[in-house]
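J.: Pasting a structure here, questions to come.
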Amino acid sequence: MSKEKKTKNKDEIVVSLDQFAVPGAIIVAGIIIAVAIFFADKSKDNSIDASDTENIAGEEVDADSQNQFPDASTDIGDAPYLGDKETAKVAIVEYSDYLCGYCQRHVDETYPAIVEKYIESGEAIYVYREFSIHGEIADAQAMGGKCVFDLEGLDTYLEYHKKAFMLDSIDAVYEVAENVGADIRSCVESDKYRDAIDTDYQAGADAGVQGTPGFVVGLLDNDGNVVGKLIAGAYPFDAFEEVINSLLAE
């Protein structure tokens with residue numbers, strides 16, 4: 001009697017495991033899949049899409065990575081530029097948006113060193129082209145820059161270019177222009193330089209610029225063509241120095 005009871009209990013345990021083995025496996029598999037999806041999504045969230053409107057490349061980049069910049073070409077068009085084309089071997093062509101915080105960071109932190117080392121020496125020119133992608137105010141800022149250059153020349157344009165970032169209204173654009181000595185309201189409202197702004201944008205897109213800031217740094221020929229590398233993002237001065245020095249050595 002005792003033996004039969006023991007056997008019966010054993011059978012009951014086996015049946016119990018059979019009942020729960022498959023559902024248990026399903027639950028474990030579900031947990032594994034959920035964890036995998038979670039980390040995949042987390043990895044995706046931390047990545048930088050090449051189509052982002054603002055590129056945040058920069059400080060973490062080591063010197064050896066400069067060889068990774070893709071080949072690119074563009075031209076200087078009719079855009080304002082700083083430097084001497086007669087002596088310059090290299091052109092740095094900037095494609096920028098005035099509502100791009102990383103563009104402002106470049107102007108504040110990296111641009112002065114480029115000017116000091118390469119523009120003032122006559123080895124390069126710096127070209128300012130518009131890549132307006134942040135809406136109506138950014139478009140007015142870009143138009144304002146074209147108008148300031150037309151009305152008052154390069155020196156006044158350079159003042160405007162430094163001060164016109166991150167404004168919150170079109171009236172603020174007019175105010176910045178007035179503060180540097182240019183009355184641009186009628187020029188902006190007439191949309192006078194629409195074709196020039198569209199040409200700048202298309203030139204940048206053709207060069208591979210997908211976000212701001214973007215730069216084509218290359219050898220400059222007599223026709224204003226620039227052939228070299230695309231620096232896509234607000235990289236530090238060392239990155240530009242690496243590319244420019246390699247071009248000057250050719």
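Each chain in the structure tokens gets a letter, A, B and so on, in the order shown; residues start at 1 in every chain, and ligands are counted from 1 in the order they appear.
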Report as a list in words all protein, DNA and RNA residues lying within 12 Å of Glu86 of chain A, evaluated on only C-alpha atoms, omitting residues in the same chain fewer than 5 positions from it.
T.: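 Contacts, with the query itself left out: Ala91, Gly122, Glu123, Ala124, Ile125, Leu220, Asp221, Asn222, Asp223 and Gly224 of chain A.
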J.: Save the residues we just selected, C-alpha atoms, as a PDB file, in the first residue's frame?
T.:
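As written to disk, result.pdb reads:
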ATOM      1  CA  ALA A  91      39.286  76.914 -49.775  1.00  0.00           C
ATOM      2  CA  GLY A 122      47.211  83.796 -47.473  1.00  0.00           C
ATOM      3  CA  GLU A 123      47.192  80.003 -47.746  1.00  0.00           C
ATOM      4  CA  ALA A 124      43.412  79.637 -47.797  1.00  0.00           C
ATOM      5  CA  ILE A 125      40.147  81.466 -48.250  1.00  0.00           C
ATOM      6  CA  LEU A 220      40.944  75.794 -55.097  1.00  0.00           C
ATOM      7  CA  ASP A 221      41.369  76.219 -58.846  1.00  0.00           C
ATOM      8  CA  ASN A 222      41.222  79.370 -60.961  1.00  0.00           C
ATOM      9  CA  ASP A 223      37.567  78.807 -61.804  1.00  0.00           C
ATOM     10  CA  GLY A 224      36.476  78.661 -58.172  1.00  0.00           C
TER      11      GLY A 224
END
J.: Got a sec: who's within 7 Å of Glu94 of chain A, counting only C-alpha atoms, leaving out chain neighbours fewer than 5 positions off, as a PyMOL selection string?
T.: chain A and resi 127-129+214-216
J.: Deliver the residues from the most recent selection as a file, using N, CA and C atoms, as a PDB file, in the first residue's frame.
T.:
ATOM      1  N   VAL A 127      34.892  80.608 -47.259  1.00  0.00           N
ATOM      2  CA  VAL A 127      33.725  80.953 -48.067  1.00  0.00           C
ATOM      3  C   VAL A 127      32.446  80.686 -47.266  1.00  0.00           C
ATOM      4  N   TYR A 128      31.498  81.634 -47.315  1.00  0.00           N
ATOM      5  CA  TYR A 128      30.273  81.560 -46.517  1.00  0.00           C
ATOM      6  C   TYR A 128      29.071  81.281 -47.427  1.00  0.00           C
ATOM      7  N   ARG A 129      28.566  80.069 -47.383  1.00  0.00           N
ATOM      8  CA  ARG A 129      27.396  79.722 -48.171  1.00  0.00           C
ATOM      9  C   ARG A 129      26.254  79.300 -47.245  1.00  0.00           C
ATOM     10  N   GLY A 214      28.243  72.041 -42.377  1.00  0.00           N
ATOM     11  CA  GLY A 214      28.974  71.165 -43.278  1.00  0.00           C
ATOM     12  C   GLY A 214      30.024  71.974 -44.010  1.00  0.00           C
ATOM     13  N   PHE A 215      31.172  71.360 -44.274  1.00  0.00           N
ATOM     14  CA  PHE A 215      32.286  72.086 -44.894  1.00  0.00           C
ATOM     15  C   PHE A 215      32.918  71.236 -45.987  1.00  0.00           C
ATOM     16  N   VAL A 216      33.173  71.858 -47.122  1.00  0.00           N
ATOM     17  CA  VAL A 216      34.026  71.233 -48.127  1.00  0.00           C
ATOM     18  C   VAL A 216      35.358  71.952 -48.053  1.00  0.00           C
TER      19      VAL A 216
END
J.: Name the closest residue to Met166 of chain A among the candidates A:Ala79, A:Ala142, A:Ala232, A:Leu151; distances are taken between atoms, counting only C-alpha atoms.
T.: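 So, comparing all the options, the nearest one is A:Ala142.
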J.: Excluding same-chain residues fewer than 6 positions from Val188 of chain A, what lies within 7 Å of it counting only C-alpha atoms, as a list in words?
T.: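 Residues near the query, excluding close chain neighbours: Ala140, Met143, Gly144 and Cys147 of chain A.
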J.: Excluding Asp75 of chain A and any residue of its chain fewer than 2 positions from it, enumerate the residues within 6 Å of it, using only C-alpha atoms, and give them as number ranges by chain.
T.: A: 77, 224-226
J.: Residues at most 12 Å from Lys163 of chain A, counting only C-alpha atoms, excluding those fewer than 4 positions away in the same chain, as a list in words?
T.: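 Once the nearby chain positions are removed, what remains is Tyr98, Leu99, Gln104, Val107, Asp108, Gln141, Gly144, Gly145, Thr156, Tyr157, Leu158, Glu159, Leu167, Ala172, Val173, Tyr174, Glu175, Val176, Ala177, Glu178, Asn179 and Val180 of chain A.
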J.: Could the residues in this selection be saved with C-alpha atoms as a short mmCIF file (atom, residue, chain, number, x, y, z; two decimals), in the first residue's frame?
T.:
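Listed below is the output, selection-v9.cif:
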data_model
loop_
_atom_site.label_atom_id
_atom_site.label_comp_id
_atom_site.auth_asym_id
_atom_site.auth_seq_id
_atom_site.Cartn_x
_atom_site.Cartn_y
_atom_site.Cartn_z
CA TYR A 98 21.77 80.63 -38.45
CA LEU A 99 19.43 78.62 -36.20
CA GLN A 104 27.37 79.08 -33.82
CA VAL A 107 32.01 80.33 -35.40
CA ASP A 108 32.85 81.00 -31.76
CA GLN A 141 18.61 85.35 -41.49
CA GLY A 144 19.62 89.13 -44.40
CA GLY A 145 23.22 88.03 -44.81
CA THR A 156 29.76 94.56 -42.29
CA TYR A 157 28.68 91.11 -43.45
CA LEU A 158 31.27 89.48 -41.17
CA GLU A 159 29.87 91.39 -38.19
CA LEU A 167 17.47 84.84 -33.17
CA ALA A 172 15.37 90.58 -34.47
CA VAL A 173 17.11 89.92 -37.79
CA TYR A 174 16.43 93.49 -38.87
CA GLU A 175 17.66 94.78 -35.52
CA VAL A 176 20.97 92.92 -35.76
CA ALA A 177 21.48 94.27 -39.27
CA GLU A 178 20.72 97.82 -38.10
CA ASN A 179 23.20 97.42 -35.26
CA VAL A 180 25.98 96.64 -37.73
#
